[in-house]
Amino acid sequence: IGSNISRRSDCDLAINYLEGISPADFEFGETLSRRMYVYIPSETILPSVTVKLGYAKFEASNIVPFVSSSRDARFEVDGNAILGFLQTDLFFERNRWMYIEEVYTRETSPNADDGRFLLYAGFAGDDLTVPVLSASGLRFGELKSLSIIGNWPHRNEASGYIYVDDVAVGDEYIGPVDGRVVSRPNPPANVAAEVVN
């Protein structure tokens with residue numbers, strides 16, 4: 001859409017909110033986990049600002065993991081009033097599946113600040129047992145909604161494909177597919193992919 005400002009809201013159409021998610025899925029002291037794999041082919045022209053990979057909307061605020069196009073594809077989290085803004089040491093790589101899992105543990109009572117957030121992410125060969133980000137002393141409040149993929153702010157003509165696979169939502173840490181490799185999901189047939197034995 002480039003410089004056509006009247007079309008910038010079109011990127012909201014990319015948001016894929018999950019059906020059946022309710023506040024009852026995240027009661028006091030409970031855990032909520034969202035896992036996905038993301039693959040971006042080298043031919044894809046990404047939005048120039050960010051690629052938001054999903055929303056977790058709580059009463060207190062939103063938490064959004066994203067790839068920052070403006071910072072060399074650094075993997076970051078915008079936690080708004082809950083976490084603040086956090087940067088990981090990971091940089092997204094084209095033509096590779098990236099494993100991402102967010103684990104939220106809600107505060108134990110209405111006035112407690114003892115919630116926890118863990119973010120696991122990486123590629124084949126990385127140690128996926130250690131979170132790349134962790135935060136405690138949090139208060140999330142009631143769960144409002146959960147999505148896979150968010151809107152994609154941009155000021156350029158973006159085009160191409162972004163693939164998402166093996167999405168799972170659970171009430172505990174899920175972990176990578178088969179527990180040992182990241183590249184387990186089959187890559188799209190029309191793009192080259194890393195082969196991992």
# chains A, B, ... in the order shown; residues from 1 in each chain; ligands from 1

$ residues_around --residues "region 89-104 of chain A" --least-positions-apart "3" --cutoff "7 Å" --atoms "only C-alpha atoms" --output "tab-separated table (two decimals) with N, CA and C atoms, in the first residue's frame"
chain	number	residue	atom	x	y	z
A	31	THR	N	-2.11	-21.11	33.93
A	31	THR	CA	-1.13	-20.88	32.87
A	31	THR	C	-1.80	-20.98	31.51
A	32	LEU	N	-1.37	-20.14	30.61
A	32	LEU	CA	-1.84	-20.14	29.22
A	32	LEU	C	-0.61	-20.11	28.33
A	33	SER	N	-0.55	-21.01	27.35
A	33	SER	CA	0.61	-21.07	26.46
A	33	SER	C	0.14	-21.02	25.01
A	34	ARG	N	0.90	-20.28	24.19
A	34	ARG	CA	0.61	-20.22	22.76
A	34	ARG	C	1.91	-20.52	22.02
A	35	ARG	N	1.87	-21.58	21.19
A	35	ARG	CA	3.05	-21.98	20.42
A	35	ARG	C	2.75	-21.87	18.93
A	36	MET	N	3.77	-21.46	18.16
A	36	MET	CA	3.64	-21.43	16.71
A	36	MET	C	5.02	-21.54	16.08
A	37	TYR	N	5.01	-21.88	14.81
A	37	TYR	CA	6.22	-21.83	13.99
A	37	TYR	C	5.97	-20.82	12.88
A	38	VAL	N	6.98	-20.03	12.55
A	38	VAL	CA	6.86	-19.00	11.52
A	38	VAL	C	7.99	-19.18	10.52
A	39	TYR	N	7.64	-19.02	9.24
A	39	TYR	CA	8.61	-19.19	8.15
A	39	TYR	C	8.42	-18.04	7.17
A	40	ILE	N	9.49	-17.32	6.87
A	40	ILE	CA	9.42	-16.22	5.92
A	40	ILE	C	10.41	-16.48	4.79
A	41	PRO	N	9.91	-16.70	3.57
A	41	PRO	CA	10.82	-16.91	2.44
A	41	PRO	C	11.64	-15.67	2.14
A	42	SER	N	12.80	-15.86	1.53
A	42	SER	CA	13.67	-14.73	1.22
A	42	SER	C	13.04	-13.78	0.21
A	67	VAL	N	8.57	-9.24	14.81
A	67	VAL	CA	9.84	-9.11	14.11
A	67	VAL	C	9.97	-7.65	13.72
A	73	ALA	N	15.41	-7.17	11.61
A	73	ALA	CA	14.64	-8.39	11.89
A	73	ALA	C	14.88	-8.93	13.30
A	74	ARG	N	15.14	-8.04	14.25
A	74	ARG	CA	15.29	-8.46	15.65
A	74	ARG	C	13.93	-8.93	16.17
A	75	PHE	N	13.94	-10.01	16.96
A	75	PHE	CA	12.72	-10.53	17.56
A	75	PHE	C	12.49	-9.82	18.89
A	116	ARG	N	3.69	-14.25	35.76
A	116	ARG	CA	4.99	-14.54	35.13
A	116	ARG	C	4.81	-14.68	33.63
A	117	PHE	N	5.83	-14.26	32.88
A	117	PHE	CA	5.85	-14.40	31.42
A	117	PHE	C	7.16	-15.03	31.00
A	118	LEU	N	7.07	-16.08	30.19
A	118	LEU	CA	8.26	-16.73	29.64
A	118	LEU	C	8.11	-16.78	28.12
A	119	LEU	N	9.19	-16.48	27.42
A	119	LEU	CA	9.20	-16.54	25.96
A	119	LEU	C	10.32	-17.47	25.51
A	120	TYR	N	9.91	-18.54	24.81
A	120	TYR	CA	10.86	-19.49	24.23
A	120	TYR	C	10.87	-19.25	22.73
A	121	ALA	N	12.04	-19.25	22.12
A	121	ALA	CA	12.12	-19.04	20.68
A	121	ALA	C	13.48	-19.50	20.19
A	122	GLY	N	13.53	-19.86	18.92
A	122	GLY	CA	14.81	-20.23	18.33
A	122	GLY	C	14.65	-21.06	17.08
A	123	PHE	N	15.79	-21.53	16.58
A	123	PHE	CA	15.87	-22.29	15.34
A	123	PHE	C	16.46	-23.66	15.63
A	173	TYR	N	3.10	-25.28	29.49
A	173	TYR	CA	4.16	-25.21	28.47
A	173	TYR	C	3.98	-26.36	27.49
A	176	PRO	N	8.51	-27.52	21.70
A	176	PRO	CA	8.61	-27.68	20.25
A	176	PRO	C	8.09	-29.03	19.80
A	182	VAL	N	13.47	-27.88	15.66
A	182	VAL	CA	12.57	-26.80	15.31
A	182	VAL	C	12.02	-26.98	13.90
A	183	SER	N	12.78	-27.58	13.03
A	183	SER	CA	12.41	-27.63	11.62
A	183	SER	C	11.50	-28.80	11.27
A	192	ALA	N	12.32	-22.87	-0.89
A	192	ALA	CA	13.44	-23.68	-0.41
A	192	ALA	C	13.49	-23.64	1.10
A	193	ALA	N	13.90	-24.73	1.73
A	193	ALA	CA	13.94	-24.77	3.19
A	193	ALA	C	15.20	-25.49	3.66
A	194	GLU	N	15.59	-25.17	4.86
A	194	GLU	CA	16.71	-25.84	5.48
A	194	GLU	C	16.31	-27.30	5.76

$ select_by_dssp --residues "region 48-194 of chain A" --states "strand (DSSP E)" --output "VMD selection string"
chain A and resid 50 to 52 56 to 58 62 to 68 74 to 78 85 to 91 98 to 105 115 to 122 133 to 138 143 to 148 163 to 170

$ closest_residue --among "A:Gly170, A:Pro23, A:Pro47, A:Gly84" --to "Asn151 (chain A)" --atoms "only C-alpha atoms"
A:Pro47

$ residues_around --residues "Asn16 (chain A)" --least-positions-apart "2" --cutoff "6 Å" --atoms "only C-alpha atoms" --output "PDB file with C-alpha atoms, in the first residue's frame"
ATOM      1  CA  SER A 147      -4.702 -14.114  18.025  1.00  0.00           C
ATOM      2  CA  ILE A 148      -2.249 -15.702  15.648  1.00  0.00           C
ATOM      3  CA  ILE A 149      -0.658 -12.933  13.557  1.00  0.00           C
TER       4      ILE A 149
END

$ closest_residue --among "A:Ser145, A:Ser22, A:Thr88, A:Thr108" --to "Phe58 (chain A)" --atoms "only C-alpha atoms"
A:Ser145

$ closest_residue --among "A:Glu43, A:Glu142, A:Asp165, A:Glu76" --to "Thr105 (chain A)" --atoms "only C-alpha atoms"
A:Glu142

$ closest_atom_pairs --of "region 14-101 of chain A" --to "region 134-141 of chain A" --cutoff "10 Å" --atoms "only C-alpha atoms" --output "tab-separated table"
residue	atom	partner	partner_atom	distance
A:Pro23	CA	A:Gly141	CA	9.3
A:Phe26	CA	A:Gly141	CA	9.0
A:Glu27	CA	A:Gly141	CA	9.0
A:Phe28	CA	A:Gly141	CA	8.6
A:Lys57	CA	A:Phe140	CA	9.0
A:Phe58	CA	A:Phe140	CA	5.8
A:Glu59	CA	A:Gly141	CA	4.8
A:Ala60	CA	A:Phe140	CA	5.4
A:Ser61	CA	A:Phe140	CA	7.4
A:Asn62	CA	A:Phe140	CA	8.9
A:Ile63	CA	A:Phe140	CA	9.7
A:Ala81	CA	A:Phe140	CA	9.4
A:Ile82	CA	A:Leu138	CA	6.5
A:Leu83	CA	A:Ala135	CA	7.5
A:Leu86	CA	A:Ser134	CA	9.9

$ atom_distance --atom1 "CA of Ala168 (chain A)" --atom2 "CA of Gly29 (chain A)"
20.5 Å

$ closest_residue --among "A:Pro131, A:Gly150, A:Gly175, A:Gly160" --to "Tyr55 (chain A)" --atoms "only C-alpha atoms"
A:Gly150

$ closest_residue --among "A:Thr44, A:Glu19, A:Val49, A:Asp25" --to "Pro153 (chain A)" --atoms "only C-alpha atoms"
A:Val49

$ closest_residue --among "A:Val77, A:Ala24, A:Leu13, A:Leu46" --to "Leu143 (chain A)" --atoms "only C-alpha atoms"
A:Ala24

$ select_by_dssp --residues "chain A" --states "alpha helix (DSSP H)" --output "PyMOL selection string"
chain A and resi 80-83

$ write_last_selection --atoms "N, CA and C atoms" --output "compact mmCIF listing (two decimals), in the first residue's frame"
# COMPACT_ATOMS: atom_id res chain seq x y z
N ASN A 80 3.58 -3.36 26.44
CA ASN A 80 2.80 -2.21 26.89
C ASN A 80 2.92 -2.02 28.39
N ALA A 81 1.79 -1.87 29.07
CA ALA A 81 1.80 -1.56 30.51
C ALA A 81 2.18 -2.77 31.37
N ILE A 82 2.15 -3.97 30.80
CA ILE A 82 2.46 -5.16 31.60
C ILE A 82 3.96 -5.41 31.69
N LEU A 83 4.61 -5.49 30.55
CA LEU A 83 6.04 -5.84 30.50
C LEU A 83 6.94 -4.68 30.12

$ decode --residues "region 55-87 of chain A" --atoms "N, CA and C atoms" --output "mmCIF file, in the first residue's frame"
data_model
loop_
_atom_site.group_PDB
_atom_site.id
_atom_site.type_symbol
_atom_site.label_atom_id
_atom_site.label_comp_id
_atom_site.auth_asym_id
_atom_site.auth_seq_id
_atom_site.Cartn_x
_atom_site.Cartn_y
_atom_site.Cartn_z
ATOM 1 N N TYR A 55 -1.526 -11.294 19.064
ATOM 2 C CA TYR A 55 -1.909 -10.487 20.211
ATOM 3 C C TYR A 55 -2.325 -11.397 21.362
ATOM 4 N N ALA A 56 -1.920 -11.043 22.555
ATOM 5 C CA ALA A 56 -2.492 -11.585 23.780
ATOM 6 C C ALA A 56 -3.052 -10.367 24.503
ATOM 7 N N LYS A 57 -4.362 -10.250 24.508
ATOM 8 C CA LYS A 57 -4.996 -9.063 25.085
ATOM 9 C C LYS A 57 -5.566 -9.407 26.453
ATOM 10 N N PHE A 58 -5.072 -8.675 27.445
ATOM 11 C CA PHE A 58 -5.502 -8.861 28.821
ATOM 12 C C PHE A 58 -6.167 -7.585 29.314
ATOM 13 N N GLU A 59 -6.781 -7.670 30.476
ATOM 14 C CA GLU A 59 -7.420 -6.492 31.070
ATOM 15 C C GLU A 59 -6.415 -5.358 31.262
ATOM 16 N N ALA A 60 -5.187 -5.709 31.658
ATOM 17 C CA ALA A 60 -4.183 -4.686 31.951
ATOM 18 C C ALA A 60 -3.606 -4.062 30.687
ATOM 19 N N SER A 61 -3.448 -4.839 29.624
ATOM 20 C CA SER A 61 -2.837 -4.329 28.399
ATOM 21 C C SER A 61 -2.641 -5.482 27.422
ATOM 22 N N ASN A 62 -1.876 -5.243 26.351
ATOM 23 C CA ASN A 62 -1.586 -6.262 25.342
ATOM 24 C C ASN A 62 -0.123 -6.685 25.429
ATOM 25 N N ILE A 63 0.137 -7.913 24.972
ATOM 26 C CA ILE A 63 1.505 -8.376 24.794
ATOM 27 C C ILE A 63 1.623 -8.869 23.361
ATOM 28 N N VAL A 64 2.593 -8.324 22.623
ATOM 29 C CA VAL A 64 2.708 -8.586 21.192
ATOM 30 C C VAL A 64 4.147 -8.960 20.836
ATOM 31 N N PRO A 65 4.408 -10.218 20.455
ATOM 32 C CA PRO A 65 5.733 -10.554 19.923
ATOM 33 C C PRO A 65 5.807 -10.115 18.468
ATOM 34 N N PHE A 66 6.960 -9.611 18.042
ATOM 35 C CA PHE A 66 7.042 -9.161 16.659
ATOM 36 C C PHE A 66 8.467 -9.212 16.127
ATOM 37 N N VAL A 67 8.567 -9.239 14.807
ATOM 38 C CA VAL A 67 9.839 -9.112 14.110
ATOM 39 C C VAL A 67 9.968 -7.648 13.719
ATOM 40 N N SER A 68 11.025 -7.005 14.163
ATOM 41 C CA SER A 68 11.220 -5.592 13.871
ATOM 42 C C SER A 68 11.999 -5.420 12.572
ATOM 43 N N SER A 69 11.280 -5.084 11.508
ATOM 44 C CA SER A 69 11.940 -4.853 10.221
ATOM 45 C C SER A 69 12.886 -3.662 10.301
ATOM 46 N N SER A 70 12.535 -2.698 11.118
ATOM 47 C CA SER A 70 13.351 -1.487 11.206
ATOM 48 C C SER A 70 14.621 -1.695 12.038
ATOM 49 N N ARG A 71 14.744 -2.857 12.715
ATOM 50 C CA ARG A 71 15.946 -3.166 13.485
ATOM 51 C C ARG A 71 16.527 -4.510 13.042
ATOM 52 N N ASP A 72 16.710 -4.647 11.745
ATOM 53 C CA ASP A 72 17.398 -5.820 11.168
ATOM 54 C C ASP A 72 16.742 -7.150 11.531
ATOM 55 N N ALA A 73 15.414 -7.174 11.611
ATOM 56 C CA ALA A 73 14.641 -8.390 11.892
ATOM 57 C C ALA A 73 14.884 -8.928 13.301
ATOM 58 N N ARG A 74 15.144 -8.044 14.248
ATOM 59 C CA ARG A 74 15.286 -8.464 15.650
ATOM 60 C C ARG A 74 13.927 -8.928 16.174
ATOM 61 N N PHE A 75 13.942 -10.008 16.960
ATOM 62 C CA PHE A 75 12.720 -10.535 17.560
ATOM 63 C C PHE A 75 12.494 -9.822 18.894
ATOM 64 N N GLU A 76 11.348 -9.145 19.043
ATOM 65 C CA GLU A 76 11.083 -8.288 20.189
ATOM 66 C C GLU A 76 9.675 -8.534 20.735
ATOM 67 N N VAL A 77 9.406 -7.963 21.889
ATOM 68 C CA VAL A 77 8.090 -8.065 22.512
ATOM 69 C C VAL A 77 7.669 -6.683 22.987
ATOM 70 N N ASP A 78 6.478 -6.284 22.585
ATOM 71 C CA ASP A 78 5.889 -5.048 23.097
ATOM 72 C C ASP A 78 4.864 -5.448 24.139
ATOM 73 N N GLY A 79 5.212 -5.248 25.397
ATOM 74 C CA GLY A 79 4.344 -5.651 26.489
ATOM 75 C C GLY A 79 3.536 -4.522 27.069
ATOM 76 N N ASN A 80 3.581 -3.357 26.443
ATOM 77 C CA ASN A 80 2.796 -2.213 26.890
ATOM 78 C C ASN A 80 2.915 -2.023 28.391
ATOM 79 N N ALA A 81 1.793 -1.865 29.068
ATOM 80 C CA ALA A 81 1.801 -1.562 30.507
ATOM 81 C C ALA A 81 2.179 -2.766 31.374
ATOM 82 N N ILE A 82 2.154 -3.972 30.797
ATOM 83 C CA ILE A 82 2.455 -5.163 31.602
ATOM 84 C C ILE A 82 3.959 -5.406 31.692
ATOM 85 N N LEU A 83 4.615 -5.495 30.551
ATOM 86 C CA LEU A 83 6.036 -5.842 30.501
ATOM 87 C C LEU A 83 6.943 -4.683 30.120
ATOM 88 N N GLY A 84 6.374 -3.720 29.423
ATOM 89 C CA GLY A 84 7.212 -2.723 28.785
ATOM 90 C C GLY A 84 7.685 -3.267 27.446
ATOM 91 N N PHE A 85 8.756 -2.707 26.938
ATOM 92 C CA PHE A 85 9.299 -3.102 25.641
ATOM 93 C C PHE A 85 10.559 -3.914 25.865
ATOM 94 N N LEU A 86 10.620 -5.130 25.292
ATOM 95 C CA LEU A 86 11.754 -6.023 25.511
ATOM 96 C C LEU A 86 12.343 -6.477 24.189
ATOM 97 N N GLN A 87 13.664 -6.525 24.113
ATOM 98 C CA GLN A 87 14.355 -7.034 22.933
ATOM 99 C C GLN A 87 15.052 -8.342 23.281
#
